[in-house]
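Asker: This is model_14.cif, which holds mmCIF, C-alpha atoms and all ligand atoms:
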```
data_my_file
loop_
_atom_site.label_atom_id
_atom_site.label_comp_id
_atom_site.auth_asym_id
_atom_site.auth_seq_id
_atom_site.Cartn_x
_atom_site.Cartn_y
_atom_site.Cartn_z
CA MET A 233 17.94 22.25 -16.82
CA VAL A 234 15.56 19.44 -17.58
CA ASP A 235 12.43 20.65 -19.33
CA LYS A 236 9.77 20.73 -16.57
CA LYS A 237 7.30 19.22 -19.02
CA LEU A 238 9.43 16.07 -19.15
CA GLY A 239 11.05 13.88 -16.50
CA GLY A 240 11.90 16.80 -14.21
CA ALA A 241 8.20 17.07 -13.43
CA GLY A 242 7.90 13.41 -12.43
CA LEU A 243 6.00 12.60 -15.65
CA ARG A 244 2.99 14.36 -14.08
CA GLY A 245 -0.04 14.56 -16.37
CA GLN A 246 1.38 12.13 -18.94
CA THR A 247 -0.74 9.17 -19.95
CA ALA A 248 1.64 6.22 -19.79
CA GLY A 249 -0.73 3.46 -20.89
CA GLN A 250 -4.28 2.17 -20.63
CA THR A 251 -6.06 0.35 -17.83
CA ALA A 252 -9.52 -1.12 -17.29
CA LEU A 253 -8.92 -1.59 -13.57
CA CYS A 254 -9.27 1.77 -11.90
CA THR A 255 -9.86 5.51 -12.32
CA VAL A 256 -8.15 8.08 -10.12
CA GLY A 257 -9.48 11.64 -10.01
CA LYS A 258 -11.96 11.23 -12.85
CA THR A 259 -15.55 10.22 -12.03
CA GLY A 260 -17.80 10.19 -8.93
CA THR A 261 -15.65 10.57 -5.84
CA GLY A 262 -12.66 10.27 -8.15
CA LEU A 263 -11.74 6.67 -7.38
CA THR A 264 -13.42 3.67 -8.96
CA TYR A 265 -12.43 0.01 -9.25
CA ARG A 266 -13.85 -1.60 -12.42
CA GLY A 267 -16.50 1.14 -12.52
CA TYR A 268 -17.61 0.83 -8.87
CA ASP A 269 -17.17 3.89 -6.67
CA ILE A 270 -14.80 3.48 -3.73
CA SER A 271 -17.40 4.80 -1.26
CA ASP A 272 -19.84 2.03 -2.28
CA LEU A 273 -17.15 -0.64 -2.14
CA ALA A 274 -15.89 0.52 1.27
CA ALA A 275 -19.44 0.55 2.66
CA GLU A 276 -20.71 -2.68 1.15
CA ALA A 277 -17.90 -5.02 0.10
CA SER A 278 -15.16 -7.02 1.81
CA TYR A 279 -11.55 -7.04 0.64
CA GLU A 280 -11.90 -10.50 -0.89
CA GLU A 281 -14.93 -9.34 -2.92
CA VAL A 282 -12.95 -6.35 -4.13
CA ALA A 283 -9.90 -8.45 -5.00
CA TYR A 284 -12.13 -10.81 -6.98
CA LEU A 285 -13.67 -7.80 -8.75
CA ILE A 286 -10.30 -6.32 -9.63
CA PHE A 287 -8.94 -9.62 -10.93
CA HIS A 288 -12.02 -10.87 -12.78
CA GLY A 289 -13.88 -7.67 -13.71
CA GLU A 290 -17.15 -8.54 -11.91
CA LEU A 291 -18.22 -8.85 -8.27
CA PRO A 292 -18.42 -12.48 -7.11
CA ASN A 293 -21.74 -14.12 -6.23
CA ALA A 294 -22.03 -15.79 -2.82
CA ASP A 295 -20.64 -19.15 -4.00
CA GLN A 296 -17.75 -17.54 -5.85
CA LEU A 297 -16.87 -15.44 -2.81
CA ARG A 298 -17.00 -18.44 -0.47
CA ALA A 299 -14.74 -20.41 -2.81
CA TYR A 300 -12.33 -17.53 -3.22
CA ARG A 301 -12.05 -16.97 0.54
CA ALA A 302 -11.45 -20.68 1.06
CA LYS A 303 -8.75 -20.67 -1.62
CA LEU A 304 -6.95 -17.69 -0.07
CA ALA A 305 -7.18 -19.26 3.41
CA MET A 306 -5.46 -22.40 2.04
CA LEU A 307 -2.62 -20.25 0.74
CA ARG A 308 -1.58 -18.71 4.08
CA ARG A 309 0.88 -21.38 5.19
CA LEU A 310 4.55 -20.79 4.49
CA PRO A 311 7.14 -23.36 3.37
CA SER A 312 9.63 -24.28 6.10
CA ALA A 313 12.45 -22.66 4.11
CA VAL A 314 10.59 -19.33 4.11
CA ARG A 315 9.92 -19.63 7.84
CA ALA A 316 13.61 -20.40 8.43
CA ALA A 317 14.62 -17.38 6.36
CA LEU A 318 12.21 -15.15 8.27
CA GLU A 319 13.52 -16.47 11.59
CA SER A 320 17.03 -15.40 10.58
CA ILE A 321 16.02 -11.75 10.02
CA PRO A 322 16.60 -9.59 13.11
CA ALA A 323 13.92 -7.55 14.89
CA THR A 324 15.78 -4.41 13.84
CA ALA A 325 15.09 -5.05 10.15
CA HIS A 326 12.63 -2.83 8.29
CA PRO A 327 9.40 -4.85 7.86
CA MET A 328 9.18 -3.73 4.23
CA ASP A 329 12.56 -5.36 3.63
CA VAL A 330 11.21 -8.49 5.29
CA MET A 331 8.26 -8.53 2.89
CA ARG A 332 10.51 -7.95 -0.09
CA THR A 333 12.65 -10.88 1.02
CA GLY A 334 9.65 -13.10 1.76
CA CYS A 335 8.16 -12.44 -1.68
CA SER A 336 11.47 -13.04 -3.41
CA MET A 337 12.08 -16.24 -1.43
CA LEU A 338 8.66 -17.58 -2.43
CA GLY A 339 9.67 -16.88 -6.02
CA ASN A 340 12.61 -19.25 -5.58
CA LEU A 341 10.58 -22.03 -4.00
CA GLU A 342 7.35 -21.70 -5.97
CA PRO A 343 8.39 -20.02 -9.24
CA GLU A 344 5.83 -18.94 -11.79
CA ARG A 345 6.67 -21.44 -14.49
CA ASP A 346 4.57 -19.78 -17.16
CA PHE A 347 1.91 -17.11 -17.39
CA THR A 348 -0.97 -19.64 -17.27
CA GLU A 349 -0.19 -19.82 -13.54
CA GLN A 350 -0.42 -16.06 -12.99
CA GLN A 351 -3.77 -15.98 -11.15
CA ASP A 352 -2.68 -18.76 -8.78
CA VAL A 353 0.61 -16.99 -8.10
CA ALA A 354 -1.25 -13.74 -7.43
CA ASP A 355 -3.65 -15.50 -5.04
CA ARG A 356 -0.73 -17.19 -3.32
CA LEU A 357 0.86 -13.81 -2.68
CA LEU A 358 -2.42 -12.42 -1.34
CA GLY A 359 -2.65 -15.36 1.04
CA ALA A 360 1.02 -15.37 2.05
CA MET A 361 1.90 -11.70 2.58
CA PRO A 362 0.16 -11.24 5.97
CA SER A 363 1.70 -14.51 7.15
CA ILE A 364 5.18 -13.42 6.03
CA VAL A 365 5.20 -10.15 7.91
CA ASN A 366 3.51 -11.41 11.07
CA TYR A 367 5.49 -14.66 11.27
CA TRP A 368 8.67 -12.59 11.20
CA TYR A 369 7.30 -9.95 13.57
CA ARG A 370 6.09 -12.38 16.23
CA TYR A 371 9.23 -14.52 16.05
CA SER A 372 11.72 -11.65 16.11
CA HIS A 373 9.87 -9.57 18.71
CA ASP A 374 8.19 -12.18 20.96
CA GLY A 375 10.18 -15.34 20.18
CA GLU A 376 6.93 -17.04 19.09
CA ARG A 377 6.34 -19.20 16.04
CA VAL A 378 2.85 -17.99 15.29
CA ASP A 379 0.21 -20.47 14.14
CA LEU A 380 -0.74 -19.53 10.58
CA ASP A 381 -3.91 -21.67 10.65
CA THR A 382 -6.08 -19.07 12.34
CA GLY A 383 -9.38 -20.28 10.89
CA GLU A 384 -10.20 -16.65 10.05
CA THR A 385 -12.27 -16.31 6.88
CA THR A 386 -10.89 -12.90 5.87
CA LEU A 387 -7.45 -11.51 5.25
CA ALA A 388 -8.18 -8.71 7.73
CA GLY A 389 -9.11 -11.18 10.46
CA HIS A 390 -6.06 -13.32 9.70
CA PHE A 391 -3.72 -10.35 9.86
CA LEU A 392 -4.99 -9.15 13.25
CA HIS A 393 -5.23 -12.69 14.65
CA THR A 394 -1.65 -13.62 13.71
CA LEU A 395 -0.35 -10.29 14.96
CA LYS A 396 -2.01 -10.50 18.38
CA GLY A 397 -2.39 -14.24 18.82
CA VAL A 398 -6.11 -13.89 19.62
CA PRO A 399 -9.17 -13.28 17.42
CA PRO A 400 -9.88 -9.55 16.90
CA ASN A 401 -13.25 -8.01 17.73
CA ASP A 402 -15.75 -7.38 14.94
CA LEU A 403 -15.18 -3.62 14.83
CA GLN A 404 -11.43 -4.02 14.29
CA ARG A 405 -11.94 -6.83 11.80
CA ARG A 406 -14.25 -4.67 9.67
CA ALA A 407 -12.13 -1.52 10.07
CA LEU A 408 -9.05 -3.30 8.73
CA ASP A 409 -11.15 -4.88 5.98
CA VAL A 410 -12.25 -1.40 4.84
CA SER A 411 -8.66 -0.20 4.99
CA LEU A 412 -7.59 -3.06 2.71
CA VAL A 413 -10.39 -2.13 0.28
CA LEU A 414 -9.14 1.48 0.21
CA TYR A 415 -5.55 0.42 -0.42
CA ALA A 416 -6.28 -2.39 -2.92
CA GLU A 417 -5.63 -0.50 -6.16
CA HIS A 418 -4.73 2.98 -7.39
CA GLU A 419 -3.93 3.10 -11.10
CA PHE A 420 -0.41 4.11 -12.23
CA ASN A 421 1.12 5.10 -8.89
CA ALA A 422 4.89 4.65 -8.43
CA SER A 423 4.84 1.07 -7.13
CA THR A 424 2.26 -0.13 -9.66
CA PHE A 425 4.17 1.48 -12.48
CA THR A 426 7.29 -0.28 -11.20
CA ALA A 427 5.42 -3.58 -11.39
CA ARG A 428 4.22 -2.82 -14.93
CA VAL A 429 7.68 -1.85 -16.16
CA CYS A 430 9.02 -5.12 -14.77
CA ALA A 431 6.12 -7.06 -16.32
CA SER A 432 6.76 -5.43 -19.68
CA THR A 433 10.09 -7.26 -19.89
CA LEU A 434 8.08 -10.51 -19.53
CA SER A 435 9.58 -11.09 -16.11
CA ASP A 436 7.88 -13.27 -13.49
CA MET A 437 5.18 -12.17 -10.99
CA HIS A 438 7.44 -12.43 -7.94
CA SER A 439 10.00 -10.08 -9.51
CA CYS A 440 7.27 -7.57 -10.40
CA VAL A 441 5.85 -7.61 -6.86
CA THR A 442 9.28 -7.55 -5.20
CA GLY A 443 10.17 -4.42 -7.18
CA ALA A 444 6.83 -2.84 -6.33
CA ILE A 445 7.39 -3.41 -2.60
CA GLY A 446 10.69 -1.54 -2.93
CA SER A 447 8.89 1.41 -4.55
CA LEU A 448 6.14 1.45 -1.95
CA ARG A 449 8.66 1.54 0.90
CA GLY A 450 9.60 5.22 0.44
CA PRO A 451 8.02 7.95 2.61
CA LEU A 452 6.67 9.80 -0.43
CA HIS A 453 4.53 6.73 -1.23
CA GLY A 454 3.41 4.00 1.19
CA GLY A 455 5.79 4.96 3.96
CA ALA A 456 3.74 8.13 4.55
CA ASN A 457 1.32 6.40 6.99
CA GLU A 458 4.19 5.56 9.36
CA ALA A 459 5.66 9.05 9.04
CA ALA A 460 2.20 10.52 9.81
CA MET A 461 2.03 8.52 13.05
CA ALA A 462 5.52 9.65 14.05
CA LEU A 463 4.43 13.24 13.50
CA VAL A 464 1.16 13.01 15.46
CA GLU A 465 2.89 11.26 18.36
CA ARG A 466 5.27 14.19 18.81
CA PHE A 467 2.46 16.39 20.18
CA GLY A 468 0.55 16.43 23.45
CA THR A 469 -2.33 18.74 22.45
CA PRO A 470 -4.08 19.96 19.28
CA ASP A 471 -2.79 23.52 19.89
CA GLU A 472 0.80 22.34 20.17
CA ALA A 473 0.37 20.35 16.95
CA ALA A 474 -1.16 23.30 15.09
CA GLU A 475 1.68 25.61 16.06
CA ALA A 476 4.38 23.07 15.19
CA VAL A 477 2.85 22.31 11.80
CA ARG A 478 2.66 26.04 11.00
CA GLY A 479 6.38 26.14 11.78
CA MET A 480 7.07 23.16 9.53
CA LEU A 481 5.23 24.81 6.65
CA ALA A 482 7.11 28.07 7.21
CA ARG A 483 10.36 26.11 6.97
CA LYS A 484 9.03 24.44 3.79
CA GLU A 485 9.12 20.99 5.38
CA VAL A 486 6.97 18.25 3.86
CA VAL A 487 4.19 17.06 6.14
CA MET A 488 3.64 13.37 5.44
CA GLY A 489 0.12 12.21 4.72
CA PHE A 490 -0.89 15.39 2.86
CA GLY A 491 -1.15 16.28 -0.78
CA HIS A 492 -1.42 14.06 -3.81
CA ALA A 493 0.07 13.83 -7.27
CA ILE A 494 -3.32 13.42 -9.00
CA TYR A 495 -6.15 14.49 -6.67
CA ARG A 496 -6.39 18.28 -6.46
CA GLU A 497 -9.04 19.01 -3.79
CA SER A 498 -9.42 15.89 -1.67
CA ASP A 499 -8.59 12.21 -1.52
CA PRO A 500 -11.86 10.22 -1.50
CA ARG A 501 -10.27 7.59 0.73
CA ASN A 502 -9.66 10.14 3.48
CA THR A 503 -13.27 10.77 4.56
CA ILE A 504 -13.83 7.02 4.78
CA ILE A 505 -10.80 6.14 6.88
CA LYS A 506 -11.17 9.30 8.95
CA ALA A 507 -14.66 8.20 10.03
CA TRP A 508 -13.29 4.78 10.96
CA ALA A 509 -10.42 6.38 12.89
CA GLU A 510 -12.93 8.43 14.89
CA ARG A 511 -15.01 5.33 15.62
CA LEU A 512 -11.99 3.26 16.66
CA GLY A 513 -10.67 6.14 18.78
CA LYS A 514 -13.94 6.27 20.71
CA GLU A 515 -13.75 2.51 21.26
CA VAL A 516 -10.34 2.78 22.95
CA GLY A 517 -11.15 6.04 24.79
CA ASP A 518 -8.63 8.13 22.85
CA GLY A 519 -8.49 11.79 23.80
CA THR A 520 -5.37 12.89 21.97
CA VAL A 521 -4.40 11.14 18.72
CA TYR A 522 -7.63 11.79 16.83
CA PRO A 523 -8.07 15.44 17.96
CA ILE A 524 -4.41 16.13 17.21
CA SER A 525 -4.77 14.55 13.77
CA CYS A 526 -7.81 16.77 13.11
CA ALA A 527 -5.86 19.85 14.20
CA VAL A 528 -3.02 19.01 11.80
CA GLU A 529 -5.55 18.47 9.00
CA GLU A 530 -7.17 21.85 9.70
CA VAL A 531 -3.90 23.77 9.69
CA MET A 532 -2.71 22.10 6.49
CA TRP A 533 -5.90 23.18 4.73
CA GLN A 534 -5.93 26.70 6.21
CA GLU A 535 -2.29 27.43 5.48
CA LYS A 536 -1.63 25.62 2.18
CA GLU A 537 -4.94 24.17 0.98
CA LEU A 538 -3.31 20.76 1.29
CA PHE A 539 -5.71 17.93 2.14
CA ALA A 540 -5.13 14.70 4.04
CA ASN A 541 -4.52 11.79 1.69
CA ALA A 542 -5.36 8.12 2.35
CA ASP A 543 -2.33 7.67 4.57
CA PHE A 544 -2.90 10.36 7.19
CA PHE A 545 -5.90 9.02 9.15
CA HIS A 546 -4.83 5.46 8.45
CA ALA A 547 -2.12 6.17 11.00
CA ALA A 548 -4.64 6.93 13.78
CA ALA A 549 -6.93 4.05 12.72
CA TYR A 550 -4.14 1.46 12.82
CA HIS A 551 -2.82 2.91 16.08
CA PHE A 552 -6.25 2.48 17.71
CA MET A 553 -6.31 -1.14 16.49
CA GLY A 554 -3.11 -1.72 18.46
CA ILE A 555 -1.00 -2.25 15.35
CA PRO A 556 2.67 -1.29 15.82
CA THR A 557 3.65 1.67 13.62
CA LYS A 558 6.36 -0.28 11.82
CA LEU A 559 3.66 -2.60 10.39
CA PHE A 560 1.56 0.18 8.84
CA THR A 561 3.22 0.14 5.42
CA PRO A 562 3.33 -3.69 5.28
CA ILE A 563 -0.49 -3.69 5.59
CA PHE A 564 -0.52 -1.46 2.52
CA VAL A 565 1.50 -4.20 0.77
CA CYS A 566 -0.97 -6.92 1.86
CA ALA A 567 -3.76 -4.91 0.21
CA ARG A 568 -1.95 -3.56 -2.86
CA VAL A 569 -0.58 -6.96 -3.95
CA CYS A 570 -3.98 -7.29 -5.60
CA GLY A 571 -3.62 -4.12 -7.65
CA TRP A 572 -0.01 -4.87 -8.57
CA ALA A 573 -0.78 -8.41 -9.73
CA ALA A 574 -3.84 -7.27 -11.71
CA HIS A 575 -1.71 -4.64 -13.47
CA VAL A 576 0.98 -7.23 -14.22
CA MET A 577 -1.67 -9.41 -15.87
CA GLU A 578 -3.13 -6.45 -17.76
CA GLN A 579 0.32 -5.44 -19.00
CA ARG A 580 1.02 -8.99 -20.15
CA SER A 581 -2.29 -9.15 -22.01
CA ASP A 582 -1.23 -6.38 -24.40
CA ASN A 583 2.47 -5.99 -23.93
CA ARG A 584 5.18 -3.90 -25.44
CA ILE A 585 8.34 -3.31 -23.42
CA ILE A 586 8.11 0.02 -21.56
CA ARG A 587 11.11 1.99 -22.65
CA PRO A 588 10.77 5.78 -22.69
CA SER A 589 13.48 8.12 -23.92
CA ALA A 590 15.44 10.76 -22.02
CA GLU A 591 16.19 14.31 -23.05
CA TYR A 592 20.01 14.45 -22.99
CA VAL A 593 21.38 17.38 -20.94
CA GLY A 594 25.03 16.22 -20.52
CA PRO A 595 28.28 17.40 -22.15
CA ALA A 596 28.49 17.81 -25.93
CA PRO A 597 30.45 15.10 -27.80
CA ARG A 598 34.17 15.47 -27.02
CA PRO A 599 37.43 13.65 -27.73
CA PHE A 600 38.60 10.98 -25.26
CA THR A 601 40.97 12.37 -22.59
CA ALA A 602 44.12 10.28 -22.29
CA MET A 603 45.10 9.14 -18.76
CA ALA A 604 48.19 11.35 -18.73
CA ASP A 605 46.08 14.46 -19.51
CA ARG A 606 43.45 14.07 -16.73
C1 LIG A 701 2.22 13.09 -2.66
C2 LIG A 701 3.29 14.06 -3.13
C3 LIG A 701 4.61 13.29 -3.32
C4 LIG A 701 2.85 14.65 -4.46
O1 LIG A 701 3.89 15.45 -4.92
P1 LIG A 701 3.66 16.54 -6.05
O2 LIG A 701 2.77 16.00 -7.09
O3 LIG A 701 5.00 17.01 -6.46
O4 LIG A 701 2.86 17.67 -5.24
P2 LIG A 701 2.25 19.03 -5.78
O5 LIG A 701 2.73 19.31 -7.17
O6 LIG A 701 0.80 18.99 -5.58
O7 LIG A 701 2.90 20.09 -4.79
C5 LIG A 701 2.47 21.45 -4.81
C6 LIG A 701 3.18 22.23 -3.75
O8 LIG A 701 2.74 21.82 -2.45
C7 LIG A 701 3.83 21.37 -1.68
N1 LIG A 701 3.44 20.18 -0.96
C8 LIG A 701 2.87 19.08 -1.50
N2 LIG A 701 2.66 18.17 -0.54
C9 LIG A 701 3.11 18.73 0.60
C10 LIG A 701 3.15 18.25 1.93
N3 LIG A 701 2.71 17.05 2.24
N4 LIG A 701 3.68 19.06 2.87
C11 LIG A 701 4.12 20.30 2.57
N5 LIG A 701 4.10 20.80 1.32
C12 LIG A 701 3.60 19.99 0.35
C13 LIG A 701 4.91 21.04 -2.69
O9 LIG A 701 6.20 21.12 -2.09
C14 LIG A 701 4.69 22.10 -3.73
O10 LIG A 701 5.24 23.31 -3.26
P3 LIG A 701 6.00 24.32 -4.27
O11 LIG A 701 4.96 24.69 -5.29
O12 LIG A 701 6.41 25.43 -3.38
O13 LIG A 701 7.13 23.52 -4.84
C15 LIG A 701 3.47 15.21 -2.12
O14 LIG A 701 2.23 15.84 -1.89
C16 LIG A 701 4.09 14.74 -0.83
O15 LIG A 701 5.32 14.65 -0.72
N6 LIG A 701 3.24 14.40 0.19
C17 LIG A 701 3.75 13.86 1.42
C18 LIG A 701 4.00 12.37 1.27
C19 LIG A 701 2.74 11.56 1.21
O16 LIG A 701 1.82 11.78 1.98
N7 LIG A 701 2.71 10.58 0.30
C20 LIG A 701 1.60 9.70 0.13
C21 LIG A 701 0.85 10.01 -1.11
S1 LIG A 701 -0.66 9.07 -1.21
#
```
Go ahead and express the file in the form of structure tokens.
Answerer:
Amino acid sequence: MVDKKLGGAGLRGQTAGQTALCTVGKTGTGLTYRGYDISDLAAEASYEEVAYLIFHGELPNADQLRAYRAKLAMLRRLPSAVRAALESIPATAHPMDVMRTGCSMLGNLEPERDFTEQQDVADRLLGAMPSIVNYWYRYSHDGERVDLDTGETTLAGHFLHTLKGVPPNDLQRRALDVSLVLYAEHEFNASTFTARVCASTLSDMHSCVTGAIGSLRGPLHGGANEAAMALVERFGTPDEAAEAVRGMLARKEVVMGFGHAIYRESDPRNTIIKAWAERLGKEVGDGTVYPISCAVEEVMWQEKELFANADFFHAAAYHFMGIPTKLFTPIFVCARVCGWAAHVMEQRSDNRIIRPSAEYVGPAPRPFTAMADR
């Protein structure tokens, strides 16, 4: 048996390094970026402001924000070789695999030659990721080569515009913007830690981000928002949902979108996205998805004191924005590229290769068994 205090407990509670980027579960609502509370950032700031803050340590002034938005907008176009690669990926592919491939392909065409280029590479990935996933999606699903010059000033607007082919309304634009703010950074979660481990070998930014996308893909991490939608869509009424979820808990099934490795009582991102989900639901005249989601949330708290995490109401919010479920986790990537890249830079600024030890629990030393004796 592995000692539960060690790897068998998923390294829970262990401090694995230092960061000046973010706190999780410590002060205020529990989540801060560079000292600013997530509720203030979600209410007042745009994603580009938050990305600037995370990268540079301070909020941008108006000129800095305008320049940063213009820079990111210039970085949305994709090289023809990337577009050709995306066109060769079938509609049946998992969009997270598409993003992993798109990121890796960019690393071949526009490699990070040395670390002095790291901020430009990070910004390029911020600009390119929405284009990568939506170029592939629109080509493979609709046969359309989407125009990546949308003229949108924000990443949120660009994502929705390229996905639908028309400019989104202001409510949807701001709702997605807030979602990107909520997903931008989250300390030493599994995908960020993946990126930092990769960075600690002095590898390049594209490799770090490609690895992080692979970690985010799993349903215990970013994939939870898609799984939450699949769950909610199974039910026709709140009562049906409540009964089914009680059954799932009795069978010890995991209900995606609930619980958290660090937060113990609530996830501060949930109240924010839940309010947006309610607002968006009213806009589209929803009478099922939001009430069913609330019923699931209630039962989870009543039965197990498990609270909805950031992913659960993101499902309803994205659904009301008309975003296909398979693109939910890729939006998480578009936002979290910022956090990953900032952690890569932070790791590089004070690096020692991350190389923990394992407690050995295998056979005792023994003599080699000759082939004839096996
Ligand atoms: C996030 C998660 C991986 C954290 O795992 P963890 O740190 O091991 O969770 P905890 O230690 O708090 O789990 C405590 C207990 O609650 C149970 N539990 C936790 N989350 C649960 C969920 N979503 N559904 C049902 N039971 C859950 C665990 O199985 C455990 O039960 P046990 O004591 O009988 O073994 C886990 O809550 C989970 O799998 N959630 C669903 C996936 C998800 O939403 N991921 C996105 C995270 S932002």
Asker: To one decimal in Å, tell me the separation between atom CA of Leu538 of chain A and atom CA of Arg428 of chain A.
Answerer: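 Interatomic distance, atom CA of Leu538 of chain A to atom CA of Arg428 of chain A: 29.6 Å.
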Asker: Could you list the protein, DNA and RNA residues that have any atom within 7 Å of ligand LIG 701 (chain A), counting only C-alpha atoms and all ligand atoms, and write them as a PDB file with C-alpha atoms, in the frame of the given file?
Answerer:
```pdb
ATOM      1  CA  PRO A 451       8.020   7.950   2.610  1.00  0.00           C
ATOM      2  CA  LEU A 452       6.670   9.800  -0.430  1.00  0.00           C
ATOM      3  CA  HIS A 453       4.530   6.730  -1.230  1.00  0.00           C
ATOM      4  CA  GLY A 454       3.410   4.000   1.190  1.00  0.00           C
ATOM      5  CA  ALA A 456       3.740   8.130   4.550  1.00  0.00           C
ATOM      6  CA  LEU A 481       5.230  24.810   6.650  1.00  0.00           C
ATOM      7  CA  LYS A 484       9.030  24.440   3.790  1.00  0.00           C
ATOM      8  CA  GLU A 485       9.120  20.990   5.380  1.00  0.00           C
ATOM      9  CA  VAL A 486       6.970  18.250   3.860  1.00  0.00           C
ATOM     10  CA  VAL A 487       4.190  17.060   6.140  1.00  0.00           C
ATOM     11  CA  MET A 488       3.640  13.370   5.440  1.00  0.00           C
ATOM     12  CA  GLY A 489       0.120  12.210   4.720  1.00  0.00           C
ATOM     13  CA  PHE A 490      -0.890  15.390   2.860  1.00  0.00           C
ATOM     14  CA  GLY A 491      -1.150  16.280  -0.780  1.00  0.00           C
ATOM     15  CA  HIS A 492      -1.420  14.060  -3.810  1.00  0.00           C
ATOM     16  CA  ALA A 493       0.070  13.830  -7.270  1.00  0.00           C
ATOM     17  CA  ILE A 494      -3.320  13.420  -9.000  1.00  0.00           C
ATOM     18  CA  LEU A 538      -3.310  20.760   1.290  1.00  0.00           C
ATOM     19  CA  ASN A 541      -4.520  11.790   1.690  1.00  0.00           C
ATOM     20  CA  ALA A 542      -5.360   8.120   2.350  1.00  0.00           C
ATOM     21  CA  ASP A 543      -2.330   7.670   4.570  1.00  0.00           C
TER      22      ASP A 543
END
```
Asker: Please report the interatomic distance between atom CA of Thr520 of chain A and atom CA of Leu408 of chain A in Å with one decimal.
Answerer: 21.2 Å
Asker: Grab the atom CA of Asp379 of chain A to atom CA of Trp508 of chain A distance for me, in Å with one decimal place.
Answerer: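 Computed distance, atom CA of Asp379 of chain A to atom CA of Trp508 of chain A, equals 28.8 Å.
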Asker: Identify the residues within 12 Å of coordinate (-8.3, -23.4, 10.0) (same frame as the file), considering only C-alpha atoms, and give the answer as a PDB file with C-alpha atoms, keeping the file's coordinate frame.
Answerer:
```
ATOM      1  CA  ALA A 302     -11.450 -20.680   1.060  1.00  0.00           C
ATOM      2  CA  LYS A 303      -8.750 -20.670  -1.620  1.00  0.00           C
ATOM      3  CA  LEU A 304      -6.950 -17.690  -0.070  1.00  0.00           C
ATOM      4  CA  ALA A 305      -7.180 -19.260   3.410  1.00  0.00           C
ATOM      5  CA  MET A 306      -5.460 -22.400   2.040  1.00  0.00           C
ATOM      6  CA  LEU A 307      -2.620 -20.250   0.740  1.00  0.00           C
ATOM      7  CA  ARG A 308      -1.580 -18.710   4.080  1.00  0.00           C
ATOM      8  CA  ARG A 309       0.880 -21.380   5.190  1.00  0.00           C
ATOM      9  CA  ASP A 379       0.210 -20.470  14.140  1.00  0.00           C
ATOM     10  CA  LEU A 380      -0.740 -19.530  10.580  1.00  0.00           C
ATOM     11  CA  ASP A 381      -3.910 -21.670  10.650  1.00  0.00           C
ATOM     12  CA  THR A 382      -6.080 -19.070  12.340  1.00  0.00           C
ATOM     13  CA  GLY A 383      -9.380 -20.280  10.890  1.00  0.00           C
ATOM     14  CA  GLU A 384     -10.200 -16.650  10.050  1.00  0.00           C
ATOM     15  CA  THR A 385     -12.270 -16.310   6.880  1.00  0.00           C
ATOM     16  CA  THR A 386     -10.890 -12.900   5.870  1.00  0.00           C
ATOM     17  CA  HIS A 390      -6.060 -13.320   9.700  1.00  0.00           C
TER      18      HIS A 390
END
```
Asker: Against segment 571-588 of chain A, which residues of segment 408-487 of chain A fall within 10 Å? For each one I want the closest pair of atoms and the distance in Å (one decimal), counting only C-alpha atoms, rows by chain and increasing residue number, as a Markdown table.
Answerer:
```
| residue | atom | partner | partner_atom | distance |
| --- | --- | --- | --- | --- |
| A:Tyr415 | CA | A:Gly571 | CA | 8.8 |
| A:Ala416 | CA | A:Gly571 | CA | 5.7 |
| A:Glu417 | CA | A:Gly571 | CA | 4.4 |
| A:His418 | CA | A:Gly571 | CA | 7.2 |
| A:Glu419 | CA | A:Gly571 | CA | 8.0 |
| A:Phe420 | CA | A:His575 | CA | 8.9 |
| A:Ser423 | CA | A:Trp572 | CA | 7.8 |
| A:Thr424 | CA | A:Trp572 | CA | 5.4 |
| A:Phe425 | CA | A:His575 | CA | 8.5 |
| A:Thr426 | CA | A:Trp572 | CA | 9.0 |
| A:Ala427 | CA | A:Trp572 | CA | 6.3 |
| A:Arg428 | CA | A:Val576 | CA | 5.5 |
| A:Val429 | CA | A:Ile586 | CA | 5.7 |
| A:Cys430 | CA | A:Val576 | CA | 8.3 |
| A:Ala431 | CA | A:Val576 | CA | 5.6 |
| A:Ser432 | CA | A:Ile585 | CA | 4.6 |
| A:Thr433 | CA | A:Ile585 | CA | 5.6 |
| A:Leu434 | CA | A:Arg580 | CA | 7.2 |
| A:Ser435 | CA | A:Val576 | CA | 9.6 |
| A:Asp436 | CA | A:Val576 | CA | 9.2 |
| A:Met437 | CA | A:Ala573 | CA | 7.2 |
| A:His438 | CA | A:Ala573 | CA | 9.3 |
| A:Cys440 | CA | A:Val576 | CA | 7.4 |
| A:Val441 | CA | A:Trp572 | CA | 6.7 |
| A:Ala444 | CA | A:Trp572 | CA | 7.5 |
| A:Ile445 | CA | A:Trp572 | CA | 9.6 |
```
Asker: How close does each residue of segment 426-537 of chain A get to segment 409-414 of chain A, giving the shortest atom pair and distance in Å to one decimal for every residue with an atom at most 12 Å away, counting only C-alpha atoms, sorted by chain and residue number, as a Markdown table?
Answerer:
```
| residue | atom | partner | partner_atom | distance |
| --- | --- | --- | --- | --- |
| A:Asp499 | CA | A:Leu414 | CA | 10.9 |
| A:Pro500 | CA | A:Leu414 | CA | 9.3 |
| A:Arg501 | CA | A:Leu414 | CA | 6.2 |
| A:Asn502 | CA | A:Leu414 | CA | 9.3 |
| A:Thr503 | CA | A:Leu414 | CA | 11.1 |
| A:Ile504 | CA | A:Val410 | CA | 8.6 |
| A:Ile505 | CA | A:Ser411 | CA | 7.0 |
| A:Lys506 | CA | A:Ser411 | CA | 10.6 |
| A:Ala507 | CA | A:Val410 | CA | 11.2 |
| A:Trp508 | CA | A:Val410 | CA | 8.8 |
| A:Ala509 | CA | A:Ser411 | CA | 10.4 |
```
